[in-house]
$ cat entry-v5.cif   # mmCIF, C-alpha atoms
data_protein
#
loop_
_atom_site.label_atom_id
_atom_site.label_comp_id
_atom_site.auth_asym_id
_atom_site.auth_seq_id
_atom_site.Cartn_x
_atom_site.Cartn_y
_atom_site.Cartn_z
CA MET L 37 -10.41 -17.25 -10.00
CA PRO L 38 -9.45 -15.33 -13.15
CA GLN L 39 -7.88 -17.37 -15.91
CA PRO L 40 -4.27 -18.31 -15.12
CA GLU L 41 -2.87 -18.32 -18.66
CA THR L 42 -1.98 -14.63 -18.65
CA ALA L 43 -0.11 -14.95 -15.39
CA SER L 44 3.24 -14.39 -17.07
CA THR L 45 2.39 -10.73 -17.60
CA LEU L 46 2.47 -10.34 -13.85
CA GLY L 47 5.49 -12.46 -13.10
CA ALA L 48 8.82 -11.15 -12.03
CA THR L 49 10.50 -12.01 -15.32
CA LYS L 50 8.16 -9.94 -17.42
CA ALA L 51 8.08 -7.18 -14.88
CA ARG L 52 11.85 -7.01 -14.89
CA ALA L 53 11.78 -6.53 -18.64
CA TYR L 54 9.59 -3.47 -18.26
CA LEU L 55 11.54 -2.09 -15.37
CA SER L 56 14.82 -2.25 -17.19
CA SER L 57 13.78 -1.35 -20.73
CA GLU L 58 14.50 2.17 -21.87
CA LYS L 59 11.04 3.37 -22.71
CA ILE L 60 7.46 2.20 -22.68
CA ALA L 61 6.77 2.28 -26.40
CA ASP L 62 3.10 1.49 -26.88
CA ARG L 63 -0.25 0.85 -25.28
CA CYS L 64 0.53 -2.80 -24.66
CA GLY L 65 3.75 -1.87 -22.91
CA LEU L 66 1.86 0.59 -20.74
CA HIS L 67 -0.68 -2.07 -19.79
CA ASP L 68 2.08 -4.49 -18.77
CA ALA L 69 3.96 -1.86 -16.78
CA LEU L 70 0.76 -0.94 -14.91
CA GLN L 71 0.05 -4.62 -14.17
CA SER L 72 3.54 -4.85 -12.71
CA ALA L 73 2.80 -1.78 -10.62
CA LEU L 74 -0.35 -3.47 -9.32
CA ALA L 75 1.63 -6.56 -8.28
CA LEU L 76 4.32 -4.42 -6.69
CA GLU L 77 1.81 -2.39 -4.63
CA HIS L 78 0.17 -5.59 -3.47
CA ALA L 79 3.40 -7.40 -2.58
CA THR L 80 4.03 -5.43 0.59
CA ILE L 81 0.54 -5.92 2.01
CA PRO L 82 0.93 -9.49 3.37
CA ALA L 83 4.21 -8.54 5.05
CA TYR L 84 2.73 -5.45 6.71
CA LEU L 85 -0.48 -7.27 7.61
CA TYR L 86 1.45 -10.17 9.18
CA ALA L 87 3.28 -7.74 11.47
CA LEU L 88 0.04 -5.91 12.31
CA LEU L 89 -1.79 -9.14 13.16
CA SER L 90 1.03 -10.14 15.51
CA LEU L 91 0.27 -7.21 17.83
CA LYS L 92 -1.92 -8.33 20.70
CA PRO L 93 -5.25 -6.51 21.05
CA GLY L 94 -4.87 -3.41 23.18
CA ARG L 95 -1.06 -3.60 23.17
CA ASN L 96 1.41 -1.56 21.12
CA VAL L 97 -1.44 0.62 19.91
CA GLU L 98 0.77 3.39 18.47
CA VAL L 99 2.74 0.88 16.44
CA ALA L 100 -0.49 -0.78 15.30
CA GLY L 101 -1.79 2.62 14.18
CA ILE L 102 1.29 3.21 12.03
CA LEU L 103 1.19 -0.24 10.42
CA ARG L 104 -2.52 0.16 9.77
CA GLU L 105 -2.02 3.59 8.16
CA VAL L 106 0.61 2.31 5.74
CA LEU L 107 -1.42 -0.82 4.97
CA MET L 108 -4.49 1.23 4.10
CA GLN L 109 -2.44 3.49 1.83
CA GLU L 110 -0.98 0.48 0.00
CA MET L 111 -4.57 -0.61 -0.66
CA LEU L 112 -5.29 2.88 -1.98
CA HIS L 113 -2.27 2.63 -4.30
CA MET L 114 -3.59 -0.66 -5.68
CA ALA L 115 -6.93 1.04 -6.31
CA LEU L 116 -5.25 4.02 -8.03
CA VAL L 117 -3.35 1.71 -10.39
CA GLY L 118 -6.57 -0.24 -10.96
CA ASN L 119 -8.43 2.91 -11.98
CA ILE L 120 -5.64 3.92 -14.35
CA LEU L 121 -5.66 0.45 -15.97
CA ASN L 122 -9.40 0.61 -16.51
CA ALA L 123 -9.12 4.14 -17.90
CA VAL L 124 -6.66 3.05 -20.58
CA GLY L 125 -8.85 0.15 -21.61
CA ALA L 126 -7.21 -2.75 -19.74
CA THR L 127 -8.61 -5.08 -17.08
CA PRO L 128 -6.66 -5.06 -13.81
CA LYS L 129 -5.67 -8.64 -13.03
CA ILE L 130 -5.62 -9.33 -9.30
CA GLY L 131 -4.94 -12.68 -7.68
CA LEU L 132 -3.49 -14.66 -10.58
CA PRO L 133 -0.65 -17.08 -9.90
CA GLY L 134 2.47 -14.94 -9.94
CA PHE L 135 0.58 -11.97 -8.53
CA VAL L 136 1.33 -13.10 -4.99
CA PRO L 137 5.03 -13.25 -4.12
CA HIS L 138 6.57 -16.19 -2.37
CA TYR L 139 7.67 -15.35 1.17
CA PRO L 140 10.53 -15.13 1.91
CA GLY L 141 11.37 -13.64 -1.47
CA GLN L 142 12.00 -10.60 -3.59
CA LEU L 143 9.58 -7.85 -4.56
CA PRO L 144 8.07 -8.03 -8.05
CA GLY L 145 9.51 -5.87 -10.78
CA ASP L 146 13.15 -6.33 -9.77
CA VAL L 147 12.66 -3.52 -7.28
CA LEU L 148 15.31 -3.64 -4.52
CA PRO L 149 16.62 -7.02 -5.69
CA GLU L 150 18.97 -7.44 -2.71
CA LEU L 151 16.11 -7.19 -0.24
CA THR L 152 14.37 -10.32 1.03
CA VAL L 153 10.81 -9.72 2.17
CA SER L 154 9.52 -12.20 4.71
CA LEU L 155 6.47 -12.76 6.88
CA ARG L 156 7.59 -11.98 10.42
CA ARG L 157 5.94 -10.89 13.62
CA CYS L 158 6.49 -7.24 14.49
CA SER L 159 9.89 -6.31 15.89
CA ILE L 160 12.08 -3.21 15.80
CA GLU L 161 14.63 -5.15 13.75
CA HIS L 162 12.10 -6.24 11.14
CA VAL L 163 10.65 -2.73 10.76
CA ARG L 164 14.15 -1.26 10.46
CA ASP L 165 15.73 -3.86 8.20
CA VAL L 166 12.84 -4.72 5.90
CA PHE L 167 10.00 -2.19 6.10
CA MET L 168 12.22 0.90 6.11
CA SER L 169 14.24 -0.57 3.23
CA ILE L 170 11.12 -1.19 1.16
CA GLU L 171 9.96 2.38 1.68
CA HIS L 172 13.30 4.13 1.51
CA PRO L 173 12.56 7.46 -0.22
CA HIS L 174 13.85 8.11 -3.70
CA VAL L 175 13.08 11.70 -4.52
CA PRO L 176 13.96 13.23 -7.89
CA VAL L 177 17.70 13.77 -8.13
CA ASP L 178 17.49 17.13 -9.86
CA LEU L 179 16.67 20.36 -8.10
CA ALA L 180 14.09 21.45 -10.68
CA GLY L 181 12.24 18.18 -10.21
CA ARG L 182 12.28 18.57 -6.43
CA ARG L 183 10.93 22.11 -6.68
CA ALA L 184 8.22 21.07 -9.10
CA LEU L 185 7.15 18.27 -6.76
CA ALA L 186 7.06 20.62 -3.78
CA ARG L 187 4.89 23.03 -5.78
CA LEU L 188 2.51 20.24 -6.72
CA GLU L 189 2.24 19.27 -3.07
CA SER L 190 1.08 22.80 -2.22
CA TYR L 191 -2.07 22.53 -4.35
CA ASP L 192 -4.99 21.62 -2.13
CA ILE L 193 -6.98 19.38 -4.45
CA SER L 194 -10.35 18.23 -3.22
CA LEU L 195 -12.39 15.36 -4.62
CA SER L 196 -16.08 14.63 -4.89
CA ASP L 197 -17.40 11.35 -3.47
CA ARG L 198 -16.94 9.87 -6.93
CA GLY L 199 -13.28 10.91 -7.02
CA GLU L 200 -13.66 13.82 -9.44
CA ILE L 201 -11.39 16.82 -8.96
CA GLU L 202 -13.66 19.64 -7.81
CA ASN L 203 -11.68 22.78 -7.37
CA ALA L 204 -8.77 22.95 -9.77
CA ALA L 205 -8.09 25.48 -12.51
CA ASP L 206 -6.85 24.15 -15.85
CA GLU L 207 -3.28 25.09 -15.09
CA VAL L 208 -3.38 23.14 -11.82
CA LEU L 209 -4.96 20.15 -13.55
CA ARG L 210 -2.10 20.13 -16.00
CA ALA L 211 0.64 20.76 -13.46
CA PRO L 212 1.81 17.13 -12.90
CA ARG L 213 2.51 16.89 -16.64
CA GLU L 214 5.37 19.34 -16.40
CA PHE L 215 6.84 17.57 -13.38
CA PHE L 216 6.78 14.06 -14.80
CA HIS L 217 8.05 15.33 -18.13
CA SER L 218 11.23 16.67 -16.59
CA ALA L 219 11.88 14.86 -13.29
CA LEU L 220 14.98 12.67 -13.10
CA TYR L 221 14.97 9.73 -10.71
CA ASP L 222 17.77 7.31 -9.98
CA GLU L 223 17.26 4.20 -12.05
CA HIS L 224 15.56 1.10 -10.67
CA THR L 225 13.78 2.92 -7.91
CA ILE L 226 10.04 2.97 -7.46
CA GLY L 227 9.91 6.69 -8.26
CA TRP L 228 11.72 6.04 -11.52
CA PHE L 229 9.33 3.18 -12.33
CA TYR L 230 6.31 5.46 -11.94
CA GLN L 231 7.96 8.37 -13.71
CA ARG L 232 8.37 6.16 -16.79
CA ILE L 233 4.71 5.15 -16.62
CA ALA L 234 3.73 8.82 -16.38
CA ALA L 235 6.01 9.72 -19.31
CA ALA L 236 4.37 6.98 -21.39
CA VAL L 237 0.90 8.29 -20.51
CA ILE L 238 1.91 11.76 -21.71
CA ASP L 239 3.58 10.44 -24.83
CA LEU L 240 0.88 7.98 -25.91
CA ASP L 241 -1.95 10.40 -25.08
CA GLY L 242 -0.46 12.84 -27.56
CA ARG L 243 -0.33 10.24 -30.30
CA GLU L 244 -3.54 8.27 -30.01
CA GLU L 245 -6.81 8.04 -28.16
CA LEU L 246 -5.44 6.45 -25.00
CA PHE L 247 -8.29 6.84 -22.51
CA THR L 248 -10.80 4.54 -24.14
CA GLY L 249 -11.95 2.76 -20.97
CA ASP L 250 -15.56 2.80 -19.79
CA PRO L 251 -15.83 5.46 -17.05
CA ASN L 252 -18.44 3.29 -15.32
CA ARG L 253 -15.62 0.90 -14.37
CA GLN L 254 -13.95 3.53 -12.17
CA VAL L 255 -13.93 2.60 -8.48
CA ALA L 256 -14.75 5.23 -5.85
CA TRP L 257 -13.68 5.12 -2.19
CA PRO L 258 -14.80 8.40 -0.58
CA THR L 259 -13.24 7.58 2.81
CA ALA L 260 -9.92 6.40 1.40
CA PRO L 261 -6.77 7.40 3.33
CA GLY L 262 -5.83 9.79 0.55
CA ARG L 263 -7.22 10.61 -2.87
CA LEU L 264 -8.64 7.91 -5.10
CA TYR L 265 -9.01 9.84 -8.35
CA ARG L 266 -11.61 9.04 -10.95
CA VAL L 267 -9.28 8.57 -13.93
CA THR L 268 -10.71 9.62 -17.29
CA ASN L 269 -7.87 11.41 -19.06
CA ALA L 270 -4.13 12.07 -18.90
CA ASP L 271 -4.42 14.84 -16.30
CA THR L 272 -6.33 12.70 -13.79
CA ALA L 273 -4.04 9.71 -14.49
CA LEU L 274 -0.99 11.84 -13.69
CA TRP L 275 -2.56 13.13 -10.46
CA ALA L 276 -3.27 9.49 -9.55
CA ILE L 277 0.37 8.51 -10.13
CA LEU L 278 1.48 11.53 -8.14
CA GLU L 279 -0.66 10.39 -5.18
CA ILE L 280 1.18 7.05 -5.10
CA VAL L 281 4.56 8.73 -5.33
CA ARG L 282 3.88 11.34 -2.66
CA GLN L 283 2.44 8.92 -0.09
CA GLY L 284 5.11 6.31 -0.57
CA GLU L 285 8.12 8.44 -1.30
CA GLY L 286 7.33 11.87 0.00
CA THR L 287 8.38 15.06 -1.72
CA PRO L 288 11.36 17.27 -0.98
CA THR L 289 10.22 20.03 1.36
CA ASP L 290 9.45 17.98 4.46
CA PRO L 291 8.78 14.37 5.44
CA THR L 292 5.21 14.67 4.34
CA THR L 293 7.01 15.75 1.25
CA GLY L 294 10.54 14.47 1.61
CA PRO L 295 13.64 13.41 3.49
CA GLN L 296 14.76 16.41 5.50
CA PRO L 297 16.08 14.38 8.45
CA ALA L 298 18.92 12.70 6.61
CA PRO L 299 18.05 9.02 6.29
CA PRO L 300 20.79 6.52 7.05
CA PRO L 301 22.55 5.26 3.92
CA LEU L 302 21.14 1.98 2.73
CA SER L 303 23.10 -0.44 0.65
CA SER L 304 19.96 -2.04 -0.71
CA GLU L 305 18.84 1.08 -2.53
CA GLY L 306 19.47 -0.50 -5.91
CA THR L 307 20.57 2.70 -7.56
CA SER L 308 23.26 2.84 -10.15
CA MET X 282 -0.86 22.25 16.14
CA THR X 283 -0.29 23.20 12.52
CA PRO X 284 -3.00 23.26 9.88
CA GLU X 285 -1.08 20.42 8.28
CA ILE X 286 -1.54 18.21 11.32
CA SER X 287 -5.24 18.87 11.42
CA ARG X 288 -5.51 17.96 7.75
CA ARG X 289 -3.79 14.68 8.56
CA SER X 290 -6.14 14.03 11.44
CA ALA X 291 -9.07 14.67 9.16
CA LEU X 292 -7.68 12.21 6.63
CA HIS X 293 -7.22 9.63 9.33
CA ALA X 294 -10.70 10.14 10.68
CA ALA X 295 -12.01 9.70 7.16
CA ALA X 296 -10.10 6.45 6.81
CA LEU X 297 -11.73 5.08 9.92
CA SER X 298 -15.25 6.03 9.04
CA ILE X 299 -15.59 3.50 6.24
CA ALA X 300 -16.93 1.12 8.85
CA ALA X 301 -20.04 3.13 9.34
CA VAL X 302 -20.69 3.06 5.64
CA VAL X 303 -19.72 -0.42 4.64
CA GLN X 304 -20.08 -2.65 7.64
CA GLY X 305 -22.09 -3.11 10.74
CA ALA X 306 -22.23 -6.62 12.07
CA GLU X 307 -18.64 -7.64 11.46
CA THR X 308 -17.25 -4.57 13.16
CA ALA X 309 -19.45 -5.09 16.18
CA HIS X 310 -18.36 -8.71 16.31
CA ALA X 311 -14.71 -7.79 16.06
CA ALA X 312 -15.08 -5.35 18.91
CA GLU X 313 -16.88 -7.88 21.07
CA ASP X 314 -14.21 -10.55 20.94
CA GLY X 315 -11.40 -8.06 21.18
CA SER X 316 -9.91 -9.18 17.89
CA GLY X 317 -10.51 -6.03 15.92
CA ILE X 318 -7.12 -4.40 16.15
CA ALA X 319 -6.03 -5.03 12.60
CA LEU X 320 -8.26 -4.75 9.58
CA GLY X 321 -11.33 -4.67 11.78
CA SER X 322 -10.50 -1.29 13.18
CA ALA X 323 -8.56 -0.04 10.15
CA LEU X 324 -11.66 -0.44 8.07
CA GLY X 325 -13.97 -0.31 11.03
CA GLY X 326 -12.76 2.37 13.36
CA SER X 327 -12.38 2.52 17.11
CA ALA X 328 -11.68 5.14 19.73
CA GLU X 329 -8.36 3.47 20.34
CA SER X 330 -7.06 3.82 16.81
CA ALA X 331 -8.43 7.35 16.49
CA ALA X 332 -6.31 8.29 19.47
CA ALA X 333 -3.25 6.88 17.71
CA ALA X 334 -3.89 9.32 14.80
CA PRO X 335 -0.78 8.76 12.71
CA PRO X 336 0.25 11.77 10.64
CA ASP X 337 0.34 11.88 6.87
CA LEU X 338 4.05 11.18 6.63
CA ALA X 339 5.68 9.27 3.81
CA HIS X 340 5.85 5.59 4.73
CA TYR X 341 9.57 5.55 5.45
CA TYR X 342 9.14 8.16 8.22
CA LEU X 343 6.14 6.39 9.70
CA PHE X 344 8.20 3.22 10.05
CA ARG X 345 11.15 5.15 11.38
CA GLU X 346 8.92 6.53 14.15
CA ILE X 347 8.57 2.93 15.36
CA VAL X 348 12.33 2.39 15.27
CA GLU X 349 13.14 5.72 16.94
CA GLY X 350 10.34 5.24 19.44
CA ARG X 351 9.20 8.83 18.93
CA ARG X 352 6.87 10.76 16.67
CA LEU X 353 8.49 13.00 14.08
CA VAL X 354 7.66 16.64 14.82
CA HIS X 355 8.48 19.97 13.22
CA ARG X 356 10.38 22.16 15.71
CA SER X 357 12.45 25.29 15.19
CA GLY X 358 12.41 24.80 11.45
CA GLN X 359 13.57 21.19 11.60
CA TRP X 360 11.97 17.78 11.61
CA ARG X 361 13.06 15.73 14.61
CA PHE X 362 12.10 12.46 16.24
CA GLU X 363 11.31 14.30 19.46
CA GLY X 364 7.52 14.03 19.57
CA PRO X 365 5.32 11.85 21.77
CA PRO X 366 6.62 8.33 22.47
CA VAL X 367 5.85 5.42 20.19
CA PRO X 368 6.42 2.62 22.69
CA PHE X 369 7.06 -0.92 21.54
CA ASP X 370 6.73 -3.83 23.94
CA PRO X 371 7.87 -7.21 22.53
CA ALA X 372 5.73 -8.90 25.21
CA GLY X 373 2.67 -7.45 23.47
CA VAL X 374 3.40 -9.46 20.32
CA HIS X 375 2.09 -12.93 19.48
CA PRO X 376 5.09 -15.26 18.99
CA MET X 377 4.12 -16.02 15.36
CA VAL X 378 6.45 -18.23 13.32
CA ASP X 379 8.50 -16.83 10.44
CA ASP X 380 7.18 -17.44 6.93
CA PRO X 381 4.50 -20.05 7.61
CA ASN X 382 3.88 -22.42 4.71
CA THR X 383 0.58 -24.31 4.49
CA GLU X 384 2.06 -27.11 2.41
CA LEU X 385 4.74 -27.85 4.99
CA LEU X 386 2.28 -28.37 7.84
CA PRO X 387 1.42 -32.00 8.74
CA GLU X 388 -0.90 -33.38 6.09
CA GLY X 389 -4.49 -33.45 7.28
CA SER X 390 -3.72 -31.83 10.64
CA PRO X 391 -6.07 -29.25 12.21
CA GLU X 392 -3.25 -26.74 11.75
CA GLN X 393 -3.06 -27.37 8.01
CA SER X 394 -6.86 -27.23 7.71
CA ALA X 395 -6.92 -23.87 9.48
CA SER X 396 -4.11 -22.62 7.26
CA HIS X 397 -6.00 -23.76 4.16
CA ARG X 398 -9.09 -21.89 5.36
CA CYS X 399 -7.01 -18.77 5.83
CA ASP X 400 -5.41 -19.12 2.37
CA GLN X 401 -8.91 -19.49 0.95
CA ALA X 402 -10.07 -16.34 2.75
CA TYR X 403 -7.09 -14.46 1.29
CA THR X 404 -7.79 -15.82 -2.19
CA ASP X 405 -11.44 -14.78 -1.80
CA VAL X 406 -10.37 -11.19 -1.03
CA LEU X 407 -8.22 -11.02 -4.16
CA THR X 408 -10.92 -12.61 -6.30
CA ALA X 409 -13.44 -10.10 -4.98
CA LEU X 410 -11.09 -7.22 -5.72
CA HIS X 411 -10.57 -8.54 -9.25
CA HIS X 412 -14.35 -8.57 -9.67
CA VAL X 413 -14.65 -4.98 -8.35
CA PHE X 414 -12.07 -3.70 -10.83
CA ASP X 415 -13.55 -5.76 -13.63
CA GLY X 416 -16.63 -3.63 -14.04
CA HIS X 417 -18.37 -4.01 -10.66
CA PRO X 418 -17.21 -0.97 -8.67
CA ASP X 419 -20.35 -1.05 -6.51
CA ASP X 420 -19.27 -4.39 -5.01
CA PHE X 421 -16.35 -2.81 -3.16
CA GLY X 422 -18.16 -3.24 0.16
CA ASN X 423 -18.25 -7.01 -0.34
CA ALA X 424 -14.47 -7.12 -0.72
CA VAL X 425 -14.16 -5.23 2.57
CA HIS X 426 -16.38 -7.81 4.29
CA LEU X 427 -14.10 -10.55 2.99
CA MET X 428 -11.07 -8.76 4.44
CA LEU X 429 -12.66 -9.13 7.86
CA SER X 430 -13.14 -12.85 7.21
CA LEU X 431 -9.44 -13.03 6.43
CA GLU X 432 -8.62 -11.37 9.73
CA LYS X 433 -10.86 -13.82 11.59
CA ALA X 434 -9.23 -16.84 9.88
CA SER X 435 -5.80 -15.40 10.68
CA ARG X 436 -6.68 -15.06 14.35
CA GLU X 437 -7.66 -18.73 14.51
CA LEU X 438 -4.15 -19.61 13.35
CA ILE X 439 -2.61 -17.29 15.93
CA GLN X 440 -4.35 -19.38 18.61
CA MET X 441 -2.54 -22.54 17.40
CA PRO X 442 0.84 -23.39 18.94
CA TYR X 443 3.27 -24.72 16.35
CA PRO X 444 5.40 -26.75 16.31
CA ALA X 445 3.91 -28.87 19.08
CA GLY X 446 5.58 -28.18 22.40
CA GLY X 447 7.30 -25.07 21.03
CA MET X 448 6.86 -21.46 22.06
CA THR X 449 5.59 -20.17 18.70
CA VAL X 450 2.16 -19.97 17.09
CA LEU X 451 0.99 -20.08 13.47
CA GLY X 452 0.05 -17.16 11.26
CA PRO X 453 -1.42 -16.60 7.79
CA ALA X 454 0.68 -18.01 4.94
CA PHE X 455 -0.93 -15.77 2.28
CA GLN X 456 -0.80 -18.47 -0.38
CA LEU X 457 -3.27 -18.64 -3.26
CA SER X 458 -5.58 -21.62 -3.02
#

$ encode --input "entry-v5.cif" --output "structure tokens"
Amino acid sequence: MPQPETASTLGATKARAYLSSEKIADRCGLHDALQSALALEHATIPAYLYALLSLKPGRNVEVAGILREVLMQEMLHMALVGNILNAVGATPKIGLPGFVPHYPGQLPGDVLPELTVSLRRCSIEHVRDVFMSIEHPHVPVDLAGRRALARLESYDISLSDRGEIENAADEVLRAPREFFHSALYDEHTIGWFYQRIAAAVIDLDGREELFTGDPNRQVAWPTAPGRLYRVTNADTALWAILEIVRQGEGTPTDPTTGPQPAPPPLSSEGTS
Amino acid sequence: MTPEISRRSALHAAALSIAAVVQGAETAHAAEDGSGIALGSALGGSAESAAAAPPDLAHYYLFREIVEGRRLVHRSGQWRFEGPPVPFDPAGVHPMVDDPNTELLPEGSPEQSASHRCDQAYTDVLTALHHVFDGHPDDFGNAVHLMLSLEKASRELIQMPYPAGGMTVLGPAFQLS
């Protein structure tokens, strides 16, 4: 096991501080926010896996396929955050006390604080009341942000087996920068959390040498259910953050990109 | 069939093919004993899960397909839950207990021992992932192997009725050991 003494950086208390503070001010703040992101991405996996394991072999195969798809993408999101952490010179800390939530309990990072996540066998009620609440989309509230996200979605980026972007012009590489710079999310949503991380990457990268990590620490997963970018600079870090946001939240033009069928109102949204 | 759908199918097929690259024996074993519906086939692949081919929807809409009992499809310019059925049969679900807790199981019982083994398998996965992201990216395959051990340990718990004489069975507690 990794050393437990730094566990507080992953705990809910510290994470809450970074979720509610106004701005990520320095490299250390960015590291802590990314560690919180890692814990948050992990926190859903036991709950989804518990439901998946409850399905008897050969039964409910469509439902199993859906749970499996989401589970795999949550693993990809952990890997994306891990690559960003390594790129900015930090060591991703996985499996420390405090990294694993207590079930039943709240998500790390004070995300959706009214929602209790528990380990339950699969049922329609559990998927509706807990899983759909966890993943309730929070797209940018402003029209310009929505349009920018839809435009980003239209770029067909392809990756090499090592996760390098193969086919993008400079203007495409830089495109997420403009989006994250201007997008407005409702506060205390996951989209807002990642937007602040992206804004800090842009800000700090302009002020200092931020991407000091050893590129040999980047993890590749060529058959990932999505794009695991090799993160070596601000542009690739922002594309990596965008991948998390678009798979989890969607973007505005359709459900692969956003909430066209009006979702039911949820009280647990945690927006102000 | 839109180009978008075929892109999704390709993504899904890619997700399943990791088995061929990373594992051999474990996948075969999982298929033999019929236990490979979870991580085994997610990481391992099977004809059954390929047929399920979930689209590349945001997670909220994937879950809502389960609740609506229908796939979300694009028709006449609108997205509707009017696609192929997504049937859910509660009888096809193991009656696993809510929020199992290893520490609350009878001290020294076979149930607690099995739960400890499962917690250890979970801890091993996280430790392996920490190692991968701490400068050993080539060891990713080992972490995947350990995920299959976690599934196996979980399935042992699912075979254990608990509490005694009740209708429910145990499940993984996902506690660090």

$ residues_near_point --input "entry-v5.cif" --point "(6.3, 22.7, -7.5)" --cutoff "12 Å" --atoms "all atoms listed in the file" --output "list in words"
Leu179, Ala180, Gly181, Arg182, Arg183, Ala184, Leu185, Ala186, Arg187, Leu188, Glu189, Ser190, Tyr191, Val208, Ala211, Pro212, Arg213, Glu214, Phe215, Phe216, Ser218, Ala219, Thr287, Pro288, Thr289 and Thr293 of chain L

$ residues_around --input "entry-v5.cif" --residues "X:Ser430" --least-positions-apart "5" --cutoff "9 Å" --atoms "only C-alpha atoms" --output "number ranges by chain"
X: 307, 399, 402-403, 406, 425, 435

$ atom_distance --input "entry-v5.cif" --atom1 "atom CA of X:Arg345" --atom2 "atom CA of X:Arg361"
11.2 Å

$ residues_around --input "entry-v5.cif" --residues "L:Asp241" --least-positions-apart "6" --cutoff "10 Å" --atoms "all atoms listed in the file" --output "number ranges by chain"
L: 63, 124, 235, 247, 269-270

$ resolve_selection --input "entry-v5.cif" --expression "the PyMOL selection byres ((chain L) within 6 of (chain X))" --output "MDAnalysis selection string"
chainID L and resid 37 89:93 95:96 98 101:102 130:131 155:157 160 168 171:172 253 255 259:261 283:286 291:292

$ residues_around --input "entry-v5.cif" --residues "L:Leu116" --least-positions-apart "4" --cutoff "8 Å" --atoms "all atoms listed in the file" --output "NGL selection string"
:L and (112 or 120 or 264-265 or 276-277 or 280)

$ atom_distance --input "entry-v5.cif" --atom1 "atom CA of L:Leu209" --atom2 "atom CA of L:Asp271"
6.0 Å

$ axis_aligned_box --input "entry-v5.cif" --around "stretch 364-381 of chain X" --padding-each-side "5 Å" --output "AutoDock Vina command-line options"
--center_x 5.3 --center_y -3.0 --center_z 16.1 --size_x 16.4 --size_y 44.1 --size_z 28.3

$ atom_distance --input "entry-v5.cif" --atom1 "atom CA of X:Ser394" --atom2 "atom CA of X:Leu451"
12.1 Å

$ residues_around --input "entry-v5.cif" --residues "L:Thr80" --least-positions-apart "4" --cutoff "10 Å" --atoms "all atoms listed in the file" --output "list of chain:residue names"
L:Ala75, L:Leu76, L:Tyr84, L:Leu85, L:Val106, L:Leu107, L:Glu110, L:Met111, L:Val136, L:Pro137, L:Leu143, L:Pro144, L:Val153, L:Ser154, L:Leu155, L:Phe167, L:Ile170, L:Glu171

$ resolve_selection --input "entry-v5.cif" --expression "the PyMOL selection byres ((chain X and resi 393) around 12)" --output "number ranges by chain"
X: 381-392, 394-400, 437-438, 441, 443-444, 451-454

$ closest_residue --input "entry-v5.cif" --among "L:Ala61, L:Leu132, L:Val175, L:Ala79" --to "L:Gln231" --atoms "only C-alpha atoms"
L:Val175

$ residues_around --input "entry-v5.cif" --residues "L:Arg198" --least-positions-apart "6" --cutoff "7 Å" --atoms "all atoms listed in the file" --output "short mmCIF file (atom, residue, chain, number, x, y, z; two decimals) with C-alpha atoms, keeping the file's coordinate frame"
data_model
loop_
_atom_site.label_atom_id
_atom_site.label_comp_id
_atom_site.auth_asym_id
_atom_site.auth_seq_id
_atom_site.Cartn_x
_atom_site.Cartn_y
_atom_site.Cartn_z
CA ALA L 256 -14.75 5.23 -5.85
CA PRO L 258 -14.80 8.40 -0.58
CA ARG L 266 -11.61 9.04 -10.95
#

$ closest_residue --input "entry-v5.cif" --among "L:Val281, L:Pro82, L:Met114, L:Ala123" --to "L:Tyr139" --atoms "all atoms listed in the file"
L:Pro82

$ closest_residue --input "entry-v5.cif" --among "L:Pro149, L:Pro133, L:Gly125, L:Gly227" --to "L:Pro251" --atoms "all atoms listed in the file"
L:Gly125
